>>> print(open('target_22.cif').read())   # mmCIF, C-alpha atoms
data_coords
loop_
_atom_site.label_atom_id
_atom_site.label_comp_id
_atom_site.auth_asym_id
_atom_site.auth_seq_id
_atom_site.Cartn_x
_atom_site.Cartn_y
_atom_site.Cartn_z
CA MET A 1 -252.89 -100.45 -93.01
CA ALA A 2 -249.81 -101.47 -91.04
CA VAL A 3 -247.32 -104.24 -91.81
CA PHE A 4 -245.69 -106.22 -88.99
CA ALA A 5 -242.76 -108.55 -89.61
CA LEU A 6 -240.98 -111.01 -87.33
CA THR A 7 -237.64 -112.46 -88.42
CA THR A 8 -236.17 -113.49 -85.05
CA VAL A 9 -237.30 -115.08 -81.79
CA SER A 10 -239.83 -113.02 -79.87
CA THR A 11 -242.50 -113.28 -77.22
CA ALA A 12 -246.10 -112.34 -77.95
CA ALA A 13 -245.88 -109.54 -75.41
CA ALA A 14 -242.87 -108.01 -77.18
CA PHE A 15 -244.12 -108.46 -80.77
CA ALA A 16 -246.26 -105.53 -81.93
CA GLY A 17 -247.94 -107.72 -84.54
CA SER A 18 -249.78 -109.55 -81.79
CA ALA A 19 -251.96 -106.45 -81.48
CA ALA A 20 -252.51 -105.84 -85.20
CA SER A 21 -255.92 -104.54 -86.23
CA THR A 22 -258.16 -103.85 -89.25
CA ASN A 23 -256.49 -104.30 -92.68
CA ASP A 24 -253.09 -105.02 -91.13
CA ILE A 25 -250.67 -107.64 -92.43
CA VAL A 26 -248.49 -109.82 -90.20
CA TYR A 27 -245.43 -111.66 -91.58
CA ILE A 28 -243.48 -114.28 -89.68
CA SER A 29 -240.45 -115.37 -91.69
CA ARG A 30 -239.05 -118.90 -91.73
CA ASP A 31 -236.48 -117.76 -89.16
CA GLY A 32 -239.12 -116.12 -86.99
CA VAL A 33 -240.33 -117.80 -83.80
CA LEU A 34 -243.17 -116.37 -81.72
CA PHE A 35 -243.79 -117.57 -78.18
CA SER A 36 -246.88 -116.82 -76.13
CA ASP A 37 -247.05 -116.74 -72.37
CA THR A 38 -247.83 -120.03 -70.59
CA ASP A 39 -250.34 -120.76 -67.86
CA ALA A 40 -249.69 -122.47 -64.53
CA PHE A 41 -249.68 -125.86 -66.28
CA GLY A 42 -247.16 -124.81 -68.93
CA ASN A 43 -249.72 -124.50 -71.74
CA HIS A 44 -249.19 -121.77 -74.31
CA GLN A 45 -251.81 -119.02 -74.35
CA VAL A 46 -252.81 -116.53 -77.06
CA ALA A 47 -249.92 -115.50 -79.32
CA LEU A 48 -251.81 -113.42 -81.90
CA SER A 49 -255.07 -111.52 -81.53
CA ALA A 50 -257.20 -110.76 -84.58
CA PHE A 51 -259.79 -108.18 -83.56
CA GLY A 52 -259.91 -106.23 -86.83
CA ASN A 53 -261.51 -107.09 -90.15
CA ASN A 54 -259.58 -107.97 -93.33
CA MET A 55 -256.38 -108.97 -91.53
CA LYS A 56 -253.84 -111.19 -93.26
CA TYR A 57 -251.27 -113.49 -91.62
CA TYR A 58 -248.35 -114.98 -93.56
CA ILE A 59 -246.62 -117.56 -91.39
CA ASN A 60 -243.46 -119.29 -92.59
CA GLY A 61 -241.85 -119.68 -89.16
CA GLU A 62 -243.14 -121.06 -85.86
CA VAL A 63 -245.88 -119.79 -83.58
CA PHE A 64 -246.31 -121.34 -80.13
CA GLY A 65 -249.69 -120.14 -78.93
CA GLY A 66 -253.28 -119.66 -79.99
CA ILE A 67 -254.89 -117.12 -82.28
CA ASP A 68 -257.87 -115.44 -80.67
CA GLY A 69 -260.09 -113.62 -83.13
CA TYR A 70 -263.44 -111.88 -83.27
CA ALA A 71 -263.25 -110.47 -86.76
CA ALA A 72 -264.29 -110.91 -90.40
CA GLY A 73 -262.43 -111.41 -93.66
CA THR A 74 -259.37 -112.85 -91.91
CA GLU A 75 -256.82 -114.80 -93.96
CA PHE A 76 -254.14 -117.19 -92.72
CA HIS A 77 -251.41 -118.32 -95.12
CA ILE A 78 -249.18 -120.98 -93.58
CA GLY A 79 -246.23 -121.82 -95.82
CA SER A 80 -244.46 -125.17 -96.11
CA THR A 81 -242.00 -124.14 -93.37
CA GLY A 82 -244.73 -122.67 -91.17
CA ARG A 83 -245.86 -124.31 -87.95
CA LEU A 84 -248.62 -123.32 -85.53
CA THR A 85 -248.68 -125.14 -82.21
CA THR A 86 -251.62 -125.17 -79.74
CA ASP A 87 -255.25 -124.12 -80.22
CA LEU A 88 -256.65 -121.57 -82.61
CA PHE A 89 -259.65 -120.03 -80.87
CA ASN A 90 -261.47 -118.26 -83.67
CA GLN A 91 -264.81 -116.51 -83.78
CA PHE A 92 -264.87 -115.09 -87.27
CA ASN A 93 -267.62 -113.77 -89.45
CA GLU A 94 -265.56 -114.99 -92.42
CA ALA A 95 -262.19 -116.76 -92.33
CA SER A 96 -259.87 -118.47 -94.82
CA PHE A 97 -256.93 -120.79 -94.20
CA TRP A 98 -254.32 -121.82 -96.74
CA ASN A 99 -252.09 -124.37 -95.02
CA ALA A 100 -249.03 -126.00 -96.57
CA GLY A 101 -247.25 -126.44 -93.25
CA VAL A 102 -248.27 -127.87 -89.88
CA MET A 103 -251.14 -126.78 -87.64
CA ALA A 104 -251.04 -128.86 -84.47
CA SER A 105 -252.83 -128.79 -81.14
CA GLY A 106 -252.27 -130.32 -77.73
CA SER A 107 -256.05 -130.59 -77.33
CA SER A 108 -258.55 -131.73 -79.92
CA LEU A 109 -259.31 -128.34 -81.41
CA VAL A 110 -257.18 -126.75 -84.11
CA ILE A 111 -259.66 -124.54 -86.00
CA SER A 112 -262.98 -123.33 -84.63
CA LYS A 113 -265.37 -121.11 -86.59
CA TYR A 114 -268.37 -119.77 -84.69
CA ASN A 115 -271.59 -118.62 -86.28
CA ASP A 116 -271.49 -114.84 -86.65
CA ASP A 117 -273.71 -113.15 -89.22
CA SER A 118 -273.63 -109.72 -87.57
CA ASP A 119 -271.76 -108.03 -90.44
CA PRO A 120 -273.65 -108.28 -93.76
CA GLU A 121 -270.51 -107.20 -95.64
CA PHE A 122 -269.01 -110.64 -95.07
CA SER A 123 -270.19 -114.14 -95.93
CA ASN A 124 -270.03 -115.96 -92.55
CA ASP A 125 -268.10 -118.73 -94.34
CA LEU A 126 -265.09 -120.85 -93.43
CA HIS A 127 -262.69 -121.77 -96.24
CA ILE A 128 -259.82 -124.22 -95.71
CA ARG A 129 -257.36 -125.34 -98.38
CA ASN A 130 -254.95 -127.79 -96.79
CA SER A 131 -251.96 -129.39 -98.48
CA GLY A 132 -250.02 -129.77 -95.23
CA GLN A 133 -251.01 -131.24 -91.87
CA ILE A 134 -253.81 -130.23 -89.49
CA ILE A 135 -253.38 -132.38 -86.39
CA GLY A 136 -255.67 -132.47 -83.38
CA GLY A 137 -254.51 -133.75 -80.02
CA PRO A 138 -255.99 -136.37 -77.70
CA ASP A 139 -257.90 -134.13 -75.29
CA ALA A 140 -260.77 -131.67 -75.52
CA GLY A 141 -259.54 -128.11 -75.09
CA THR A 142 -261.11 -125.43 -72.95
CA TYR A 143 -263.09 -123.96 -75.85
CA SER A 144 -263.47 -127.11 -77.94
CA GLY A 145 -265.57 -130.18 -78.28
CA SER A 146 -263.77 -133.23 -79.59
CA SER A 147 -263.07 -132.34 -83.24
CA THR A 148 -259.94 -131.07 -84.94
CA ILE A 149 -262.03 -128.68 -87.05
CA GLU A 150 -265.34 -127.29 -85.81
CA SER A 151 -267.43 -124.91 -87.87
CA ASP A 152 -270.74 -123.11 -87.64
CA GLY A 153 -271.86 -120.55 -90.20
CA ALA A 154 -273.34 -120.25 -93.67
CA LEU A 155 -270.83 -122.44 -95.55
CA THR A 156 -267.90 -124.65 -94.61
CA TRP A 157 -265.64 -125.31 -97.62
CA ILE A 158 -262.69 -127.67 -97.18
CA HIS A 159 -260.30 -128.85 -99.89
CA ASN A 160 -257.84 -131.31 -98.39
CA SER A 161 -254.92 -132.72 -100.34
CA GLY A 162 -252.79 -133.20 -97.23
CA GLU A 163 -253.65 -134.68 -93.84
CA ILE A 164 -256.35 -133.82 -91.31
CA PHE A 165 -256.07 -135.89 -88.13
CA GLY A 166 -258.42 -136.26 -85.17
CA GLU A 167 -258.16 -138.78 -82.36
CA ILE A 168 -261.92 -139.42 -82.65
CA SER A 169 -263.47 -136.68 -84.77
CA ALA A 170 -261.67 -134.85 -87.56
CA ILE A 171 -264.41 -132.48 -88.78
CA GLU A 172 -267.69 -131.42 -87.20
CA VAL A 173 -270.00 -128.88 -88.81
CA LEU A 174 -272.63 -127.57 -86.43
CA GLY A 175 -274.61 -125.43 -88.88
CA GLY A 176 -274.70 -124.33 -92.51
CA LYS A 177 -273.89 -126.13 -95.74
CA SER A 178 -270.67 -128.03 -96.32
CA VAL A 179 -268.55 -128.76 -99.38
CA ILE A 180 -265.65 -131.13 -98.73
CA ILE A 181 -263.26 -132.20 -101.48
CA ASN A 182 -260.72 -134.73 -100.26
CA THR A 183 -257.77 -136.03 -102.26
CA GLY A 184 -255.61 -136.61 -99.20
CA THR A 185 -256.18 -138.33 -95.86
CA ILE A 186 -258.75 -137.48 -93.20
CA THR A 187 -258.32 -139.57 -90.04
CA GLY A 188 -261.30 -139.50 -87.68
CA ASN A 189 -265.05 -139.18 -88.07
CA VAL A 190 -266.68 -136.47 -90.17
CA ALA A 191 -270.12 -135.16 -89.15
CA LEU A 192 -271.98 -132.50 -91.15
CA ALA A 193 -274.98 -130.33 -90.29
CA ASP A 194 -278.60 -130.86 -91.31
CA THR A 195 -278.36 -129.07 -94.67
CA ASP A 196 -277.72 -130.00 -98.31
CA ASP A 197 -274.07 -131.07 -98.24
CA LYS A 198 -271.58 -132.31 -100.82
CA VAL A 199 -268.57 -134.57 -100.29
CA VAL A 200 -266.28 -135.64 -103.14
CA ASN A 201 -263.70 -138.17 -101.97
CA ASP A 202 -260.72 -139.16 -104.08
CA GLY A 203 -258.60 -139.97 -101.02
CA LEU A 204 -259.04 -141.72 -97.68
CA ILE A 205 -261.49 -140.91 -94.89
CA ASP A 206 -260.50 -143.24 -92.06
CA GLY A 207 -263.68 -143.17 -89.98
CA ASP A 208 -267.42 -142.66 -90.41
CA LEU A 209 -268.99 -139.97 -92.59
CA ASP A 210 -272.36 -138.61 -91.40
CA LEU A 211 -273.86 -136.28 -94.00
CA GLY A 212 -276.70 -135.16 -91.71
CA GLU A 213 -280.24 -134.44 -92.80
CA GLY A 214 -280.91 -132.82 -96.17
CA LYS A 215 -280.50 -133.59 -99.85
CA ASN A 216 -276.88 -134.70 -99.72
CA LEU A 217 -274.40 -135.83 -102.34
CA TYR A 218 -271.50 -138.20 -101.68
CA VAL A 219 -269.24 -139.23 -104.57
CA SER A 220 -266.16 -141.45 -104.30
CA ARG A 221 -263.81 -141.11 -107.25
CA GLY A 222 -261.18 -143.64 -108.27
CA ASP A 223 -259.75 -145.32 -105.18
CA GLY A 224 -261.49 -142.91 -102.80
CA LEU A 225 -262.61 -144.79 -99.69
CA VAL A 226 -264.39 -144.27 -96.38
CA THR A 227 -263.30 -147.04 -94.02
CA GLY A 228 -266.42 -146.66 -91.86
CA GLN A 229 -270.03 -146.09 -92.89
CA VAL A 230 -271.38 -143.25 -95.01
CA VAL A 231 -274.77 -142.17 -93.62
CA GLY A 232 -277.11 -140.00 -95.66
CA GLY A 233 -279.51 -138.99 -92.87
CA ASP A 234 -283.09 -137.86 -93.43
CA GLY A 235 -283.64 -136.57 -96.96
CA ASN A 236 -283.28 -137.69 -100.56
CA ASP A 237 -279.59 -138.46 -100.85
CA THR A 238 -277.35 -139.54 -103.73
CA MET A 239 -274.41 -141.71 -102.71
CA LYS A 240 -271.85 -143.21 -105.08
CA GLY A 241 -269.07 -145.48 -103.91
CA GLY A 242 -265.71 -146.02 -105.58
CA ALA A 243 -263.40 -148.88 -106.47
CA GLY A 244 -263.14 -150.15 -102.87
CA ASP A 245 -265.52 -151.80 -100.43
CA ASP A 246 -268.09 -149.15 -99.53
CA ASP A 247 -270.70 -149.16 -96.76
CA LEU A 248 -273.50 -146.77 -97.73
CA PHE A 249 -276.62 -146.18 -95.62
CA GLY A 250 -279.27 -143.88 -97.05
CA ASP A 251 -281.40 -143.66 -93.88
CA ARG A 252 -284.80 -141.96 -94.32
CA GLY A 253 -285.89 -140.60 -97.68
CA ALA A 254 -285.89 -141.63 -101.33
CA ASP A 255 -282.18 -142.32 -101.70
CA SER A 256 -280.08 -143.37 -104.66
CA LEU A 257 -277.17 -145.66 -103.74
CA MET A 258 -274.56 -146.93 -106.18
CA GLY A 259 -271.67 -149.11 -105.04
CA ARG A 260 -269.72 -149.26 -108.29
CA GLY A 261 -266.49 -151.30 -107.78
CA GLY A 262 -265.65 -153.45 -104.76
CA GLU A 263 -267.67 -155.63 -102.42
CA ASP A 264 -270.15 -153.06 -101.18
CA THR A 265 -272.88 -153.00 -98.55
CA LEU A 266 -275.81 -150.79 -99.56
CA SER A 267 -278.66 -150.12 -97.12
CA GLY A 268 -281.52 -147.92 -98.23
CA GLY A 269 -283.29 -147.44 -94.91
CA ALA A 270 -286.84 -146.08 -94.83
CA GLY A 271 -288.27 -144.71 -98.08
CA ARG A 272 -288.41 -145.63 -101.77
CA ASP A 273 -284.74 -146.20 -102.53
CA THR A 274 -282.83 -147.22 -105.64
CA LEU A 275 -279.84 -149.52 -105.12
CA ASN A 276 -277.22 -150.56 -107.66
CA GLY A 277 -274.24 -152.50 -106.38
CA GLY A 278 -272.20 -152.11 -109.57
CA GLY A 279 -269.18 -154.32 -110.14
CA GLY A 280 -268.13 -156.71 -107.38
CA ASP A 281 -270.06 -158.99 -105.04
CA ASP A 282 -272.43 -156.72 -103.13
CA THR A 283 -274.99 -156.96 -100.32
CA LEU A 284 -278.18 -154.98 -100.91
CA ASP A 285 -280.71 -154.13 -98.20
CA GLY A 286 -283.59 -151.93 -99.31
CA GLY A 287 -285.12 -151.46 -95.86
CA ASN A 288 -288.68 -150.22 -95.38
CA GLY A 289 -290.45 -148.87 -98.44
CA ALA A 290 -290.94 -149.92 -102.04
CA ASP A 291 -287.36 -150.17 -103.33
CA VAL A 292 -285.82 -150.73 -106.75
CA PHE A 293 -282.76 -152.95 -107.19
CA THR A 294 -281.00 -152.15 -110.45
CA PHE A 295 -278.64 -154.49 -112.30
CA ARG A 296 -276.50 -154.16 -115.38
CA ARG A 297 -275.23 -156.96 -117.58
CA HIS A 298 -272.00 -157.59 -115.66
CA ASP A 299 -272.44 -156.63 -112.00
CA GLY A 300 -270.90 -159.56 -110.06
CA ASP A 301 -272.59 -161.95 -107.63
CA ASP A 302 -274.92 -159.96 -105.38
CA VAL A 303 -277.42 -160.66 -102.60
CA ILE A 304 -280.72 -158.89 -101.92
CA VAL A 305 -281.36 -159.67 -98.25
CA ASP A 306 -284.91 -158.32 -97.83
CA PHE A 307 -286.88 -158.46 -101.07
CA GLN A 308 -290.54 -157.63 -100.40
CA ASN A 309 -292.78 -159.27 -102.96
CA ASN A 310 -295.52 -157.04 -104.43
CA SER A 311 -293.59 -153.98 -103.21
CA ASP A 312 -289.94 -154.05 -104.33
CA LEU A 313 -288.85 -154.26 -107.95
CA ILE A 314 -285.81 -155.63 -109.78
CA ASP A 315 -284.71 -153.46 -112.70
CA ILE A 316 -283.26 -155.57 -115.53
CA SER A 317 -283.95 -153.04 -118.29
CA ALA A 318 -280.22 -153.06 -119.19
CA PHE A 319 -280.66 -156.58 -120.62
CA GLY A 320 -282.95 -155.42 -123.41
CA LEU A 321 -285.76 -157.85 -122.58
CA LEU A 322 -289.52 -157.38 -122.72
CA ALA A 323 -292.11 -158.36 -120.14
CA ALA A 324 -293.25 -160.99 -122.64
CA ASP A 325 -289.80 -162.61 -122.29
CA PHE A 326 -290.36 -163.43 -118.63
CA GLY A 327 -291.78 -166.90 -119.25
CA SER A 328 -289.13 -167.97 -121.75
CA VAL A 329 -285.95 -166.15 -120.60
CA VAL A 330 -286.21 -164.93 -117.00
CA THR A 331 -287.99 -168.02 -115.67
CA ALA A 332 -285.23 -170.20 -117.11
CA ALA A 333 -282.65 -168.08 -115.27
CA LEU A 334 -284.39 -168.49 -111.88
CA SER A 335 -283.70 -171.38 -109.52
CA GLU A 336 -284.93 -172.15 -106.00
CA THR A 337 -282.54 -171.77 -103.04
CA SER A 338 -282.93 -172.25 -99.31
CA ASN A 339 -283.53 -168.52 -98.72
CA GLY A 340 -285.26 -167.51 -101.94
CA VAL A 341 -284.33 -167.68 -105.59
CA LEU A 342 -281.15 -167.22 -107.59
CA LEU A 343 -281.23 -165.19 -110.80
CA ASP A 344 -278.42 -166.23 -113.16
CA PHE A 345 -277.59 -163.37 -115.52
CA SER A 346 -275.45 -165.62 -117.74
CA MET A 347 -278.69 -167.13 -119.03
CA MET A 348 -279.95 -163.64 -119.96
CA GLY A 349 -276.96 -162.51 -122.02
CA GLY A 350 -274.88 -161.18 -119.15
CA SER A 351 -272.73 -162.50 -116.30
CA GLY A 352 -273.00 -162.78 -112.54
CA THR A 353 -275.92 -163.63 -110.27
CA VAL A 354 -278.22 -162.17 -107.66
CA GLN A 355 -279.56 -164.14 -104.71
CA ILE A 356 -283.04 -162.77 -103.95
CA ASP A 357 -283.99 -163.54 -100.35
CA GLY A 358 -287.73 -163.20 -99.79
CA LEU A 359 -288.85 -164.29 -103.25
CA THR A 360 -289.87 -167.83 -104.25
CA LEU A 361 -290.33 -169.47 -107.62
CA ALA A 362 -294.01 -169.91 -106.88
CA ASN A 363 -294.66 -166.17 -106.43
CA ALA A 364 -292.14 -164.77 -108.93
CA ASP A 365 -293.72 -163.20 -112.01
CA ALA A 366 -293.15 -160.40 -114.51
CA THR A 367 -294.59 -157.78 -112.13
CA ASP A 368 -291.53 -158.20 -109.87
CA PHE A 369 -289.29 -156.82 -112.64
CA ILE A 370 -288.73 -153.64 -114.63
CA PHE A 371 -288.02 -154.44 -118.28
#
>>> encode(input="target_22.cif", output="structure tokens")
Amino acid sequence: MAVFALTTVSTAAAFAGSAASTNDIVYISRDGVLFSDTDAFGNHQVALSAFGNNMKYYINGEVFGGIDGYAAGTEFHIGSTGRLTTDLFNQFNEASFWNAGVMASGSSLVISKYNDDSDPEFSNDLHIRNSGQIIGGPDAGTYSGSSTIESDGALTWIHNSGEIFGEISAIEVLGGKSVIINTGTITGNVALADTDDKVVNDGLIDGDLDLGEGKNLYVSRGDGLVTGQVVGGDGNDTMKGGAGDDDLFGDRGADSLMGRGGEDTLSGGAGRDTLNGGGGDDTLDGGNGADVFTFRRHDGDDVIVDFQNNSDLIDISAFGLLAADFGSVVTAALSETSNGVLLDFSMMGGSGTVQIDGLTLANADATDFIF
């Protein structure tokens, strides 16, 4: 193992650490500045090359240039004073990033992890823990698509408490499972692969979130919000909104959608879905399939836009009624409207209402409800 340290200004060609290899450690102090060569257009080229396994980089200064790597078990530790500028072209079997500084690119790409399972000693995973800034530029780079972070492998694990920024796309996972925990800000769309993925959002995702096919889990905690639409894709997904106005689309499969707080829009798509708007005034669309709309005692004023009689069901089991109570209690709470019927929960021991489009008083009976 060799240790390379840079404490002054240097070019990549002059710095021996740019050619470090297996098990080596590279330090760039807060006073260190590493410049790569530039091409004919003035763009910085590769500053550090990681072609050996188990290499570690500790960057507290500035690096102007990319990191080109075909290796496994590589670790990057960017301190709060560290700054990496331009693309990181990475093809790692396994790579980990701890960023408390700034990773910025003139093109879209900042981090790229290619699928490489050639070495069974390593996991083929990408791990990112970001408390700083990862900022993609406006253009697609030579080796990139359009995302700030692109990953393909067995697992992509991202814990963001800082900022990840993409002009259009912030994160794109091409293959393998994903676990994303966000307590910071992700600007740009997030698209995951067709596997069983998990996203826990206690921050802001300013864009759309596409979970891809599979049995996915999306949970918004507290004030966590996705400003665009959360799409479950094909598969039996579980999606739980937060305190804000959520837009959840289950797509195909038997999905479970819960809006919780806010004025939510829940769309089940194809399949037997379960929808619960929670608190707030919500819009519920079951889509194709025999769906269940679930209500608690105090869930706001909601609308079911596509109730299919003799197929869909309304779950009012939280009110403690029996099927025998339909004629005396539920019927009294139903009234005809221009588009269907209105069910007034205040007449059933609760509060709020639900407008049921597609149901009429004439065809409403106890078999439309779950008691």
>>> residues_around(input="target_22.cif", residues="range 57-72 of chain A", least_positions_apart="2", cutoff="6 Å", atoms="all atoms listed in the file", output="ChimeraX atom specification")
/A:25-36,44-53,74,76-79,81-94
>>> resolve_selection(input="target_22.cif", expression="the PyMOL selection byres ((chain A and resi 199) around 7)", output="tab-separated table (two decimals) with C-alpha atoms, in the coordinates of the input")
chain	number	residue	atom	x	y	z
A	179	VAL	CA	-268.55	-128.76	-99.38
A	180	ILE	CA	-265.65	-131.13	-98.73
A	181	ILE	CA	-263.26	-132.20	-101.48
A	197	ASP	CA	-274.07	-131.07	-98.24
A	198	LYS	CA	-271.58	-132.31	-100.82
A	200	VAL	CA	-266.28	-135.64	-103.14
A	201	ASN	CA	-263.70	-138.17	-101.97
A	217	LEU	CA	-274.40	-135.83	-102.34
A	218	TYR	CA	-271.50	-138.20	-101.68
A	219	VAL	CA	-269.24	-139.23	-104.57
>>> residues_around(input="target_22.cif", residues="Phe369 in chain A", least_positions_apart="6", cutoff="6 Å", atoms="all atoms listed in the file", output="VMD selection string")
chain A and resid 313 to 315
>>> resolve_selection(input="target_22.cif", expression="the PyMOL selection byres ((chain A and resi 153) around 10)", output="list in words")
Phe92, Asn93, Glu94, Lys113, Tyr114, Asn115, Asp116, Asp117, Ser123, Asn124, Asp125, Leu126, Ser151, Asp152, Ala154, Leu155, Thr156, Val173, Leu174, Gly175, Gly176, Lys177 and Ser178 of chain A
>>> write_last_selection(input="target_22.cif", atoms="C-alpha atoms", output="PDB file, keeping the file's coordinate frame")
ATOM      1  CA  PHE A  92    -264.870-115.090 -87.270  1.00  0.00           C
ATOM      2  CA  ASN A  93    -267.620-113.770 -89.450  1.00  0.00           C
ATOM      3  CA  GLU A  94    -265.560-114.990 -92.420  1.00  0.00           C
ATOM      4  CA  LYS A 113    -265.370-121.110 -86.590  1.00  0.00           C
ATOM      5  CA  TYR A 114    -268.370-119.770 -84.690  1.00  0.00           C
ATOM      6  CA  ASN A 115    -271.590-118.620 -86.280  1.00  0.00           C
ATOM      7  CA  ASP A 116    -271.490-114.840 -86.650  1.00  0.00           C
ATOM      8  CA  ASP A 117    -273.710-113.150 -89.220  1.00  0.00           C
ATOM      9  CA  SER A 123    -270.190-114.140 -95.930  1.00  0.00           C
ATOM     10  CA  ASN A 124    -270.030-115.960 -92.550  1.00  0.00           C
ATOM     11  CA  ASP A 125    -268.100-118.730 -94.340  1.00  0.00           C
ATOM     12  CA  LEU A 126    -265.090-120.850 -93.430  1.00  0.00           C
ATOM     13  CA  SER A 151    -267.430-124.910 -87.870  1.00  0.00           C
ATOM     14  CA  ASP A 152    -270.740-123.110 -87.640  1.00  0.00           C
ATOM     15  CA  ALA A 154    -273.340-120.250 -93.670  1.00  0.00           C
ATOM     16  CA  LEU A 155    -270.830-122.440 -95.550  1.00  0.00           C
ATOM     17  CA  THR A 156    -267.900-124.650 -94.610  1.00  0.00           C
ATOM     18  CA  VAL A 173    -270.000-128.880 -88.810  1.00  0.00           C
ATOM     19  CA  LEU A 174    -272.630-127.570 -86.430  1.00  0.00           C
ATOM     20  CA  GLY A 175    -274.610-125.430 -88.880  1.00  0.00           C
ATOM     21  CA  GLY A 176    -274.700-124.330 -92.510  1.00  0.00           C
ATOM     22  CA  LYS A 177    -273.890-126.130 -95.740  1.00  0.00           C
ATOM     23  CA  SER A 178    -270.670-128.030 -96.320  1.00  0.00           C
TER      24      SER A 178
END
>>> atom_distance(input="target_22.cif", atom1="CA of Lys240 in chain A", atom2="CA of Ser147 in chain A")
25.9 Å
>>> resolve_selection(input="target_22.cif", expression="the PyMOL selection byres ((chain A and resi 254-261) around 6)", output="ChimeraX atom specification")
/A:236-243,250,253,262,264,271-280
>>> write_last_selection(input="target_22.cif", atoms="C-alpha atoms", output="mmCIF file, in the frame of the given file")
data_model
loop_
_atom_site.group_PDB
_atom_site.id
_atom_site.type_symbol
_atom_site.label_atom_id
_atom_site.label_comp_id
_atom_site.auth_asym_id
_atom_site.auth_seq_id
_atom_site.Cartn_x
_atom_site.Cartn_y
_atom_site.Cartn_z
ATOM 1 C CA ASN A 236 -283.280 -137.690 -100.560
ATOM 2 C CA ASP A 237 -279.590 -138.460 -100.850
ATOM 3 C CA THR A 238 -277.350 -139.540 -103.730
ATOM 4 C CA MET A 239 -274.410 -141.710 -102.710
ATOM 5 C CA LYS A 240 -271.850 -143.210 -105.080
ATOM 6 C CA GLY A 241 -269.070 -145.480 -103.910
ATOM 7 C CA GLY A 242 -265.710 -146.020 -105.580
ATOM 8 C CA ALA A 243 -263.400 -148.880 -106.470
ATOM 9 C CA GLY A 250 -279.270 -143.880 -97.050
ATOM 10 C CA GLY A 253 -285.890 -140.600 -97.680
ATOM 11 C CA GLY A 262 -265.650 -153.450 -104.760
ATOM 12 C CA ASP A 264 -270.150 -153.060 -101.180
ATOM 13 C CA GLY A 271 -288.270 -144.710 -98.080
ATOM 14 C CA ARG A 272 -288.410 -145.630 -101.770
ATOM 15 C CA ASP A 273 -284.740 -146.200 -102.530
ATOM 16 C CA THR A 274 -282.830 -147.220 -105.640
ATOM 17 C CA LEU A 275 -279.840 -149.520 -105.120
ATOM 18 C CA ASN A 276 -277.220 -150.560 -107.660
ATOM 19 C CA GLY A 277 -274.240 -152.500 -106.380
ATOM 20 C CA GLY A 278 -272.200 -152.110 -109.570
ATOM 21 C CA GLY A 279 -269.180 -154.320 -110.140
ATOM 22 C CA GLY A 280 -268.130 -156.710 -107.380
#
>>> residues_around(input="target_22.cif", residues="Gly137 in chain A", least_positions_apart="4", cutoff="10 Å", atoms="all atoms listed in the file", output="list in words")
Thr86, Asp87, Ala104, Ser105, Gly106, Ser107, Ser108, Leu109, Val110, Gly141, Ser146, Ser147, Thr148, Phe165, Gly166, Glu167 and Ile168 of chain A
>>> atom_distance(input="target_22.cif", atom1="CA of Asp281 in chain A", atom2="CA of Ile370 in chain A")
21.7 Å
>>> atom_distance(input="target_22.cif", atom1="CA of Leu204 in chain A", atom2="CA of Asn182 in chain A")
7.6 Å
>>> closest_residue(input="target_22.cif", among="A:Gly101, A:Gly73, A:Gly222, A:Gly269", to="Glu163 in chain A", atoms="only C-alpha atoms")
A:Gly101
>>> closest_residue(input="target_22.cif", among="A:Val9, A:Leu284, A:Ala323, A:Ala318", to="Asp302 in chain A", atoms="all atoms listed in the file")
A:Leu284
>>> residues_around(input="target_22.cif", residues="Ser267 in chain A", least_positions_apart="6", cutoff="6 Å", atoms="all atoms listed in the file", output="MDAnalysis selection string")
chainID A and resid 249 285:286
>>> residues_near_point(input="target_22.cif", point="(-270.3, -131.0, -88.1)", cutoff="7 Å", atoms="all atoms listed in the file", output="ChimeraX atom specification")
/A:150-151,171-174,190-193
>>> residues_around(input="target_22.cif", residues="Ser346 in chain A", least_positions_apart="5", cutoff="10 Å", atoms="all atoms listed in the file", output="PyMOL selection string")
chain A and resi 297-298+333+351-353
>>> residues_near_point(input="target_22.cif", point="(-285.1, -158.9, -98.6)", cutoff="12 Å", atoms="only C-alpha atoms", output="ChimeraX atom specification")
/A:267-268,283-293,303-309,311-314,339-341,354-360
>>> decode(input="target_22.cif", residues="range 278-283 of chain A", atoms="N, CA and C atoms", output="PDB file, in the first residue's frame")
ATOM      1  N   GLY A 278     -56.960   9.476   3.519  1.00  0.00           N
ATOM      2  CA  GLY A 278     -56.498  10.027   4.780  1.00  0.00           C
ATOM      3  C   GLY A 278     -57.091  11.404   5.020  1.00  0.00           C
ATOM      4  N   GLY A 279     -56.438  12.200   5.856  1.00  0.00           N
ATOM      5  CA  GLY A 279     -56.918  13.536   6.135  1.00  0.00           C
ATOM      6  C   GLY A 279     -56.803  14.435   4.919  1.00  0.00           C
ATOM      7  N   GLY A 280     -57.647  15.455   4.840  1.00  0.00           N
ATOM      8  CA  GLY A 280     -57.643  16.353   3.696  1.00  0.00           C
ATOM      9  C   GLY A 280     -58.704  15.980   2.682  1.00  0.00           C
ATOM     10  N   ASP A 281     -58.890  16.847   1.705  1.00  0.00           N
ATOM     11  CA  ASP A 281     -59.903  16.650   0.669  1.00  0.00           C
ATOM     12  C   ASP A 281     -59.242  16.007  -0.547  1.00  0.00           C
ATOM     13  N   ASP A 282     -59.511  14.742  -0.765  1.00  0.00           N
ATOM     14  CA  ASP A 282     -58.765  13.942  -1.728  1.00  0.00           C
ATOM     15  C   ASP A 282     -59.617  13.515  -2.918  1.00  0.00           C
ATOM     16  N   THR A 283     -58.919  13.227  -4.034  1.00  0.00           N
ATOM     17  CA  THR A 283     -59.551  12.700  -5.238  1.00  0.00           C
ATOM     18  C   THR A 283     -59.075  11.277  -5.447  1.00  0.00           C
TER      19      THR A 283
END
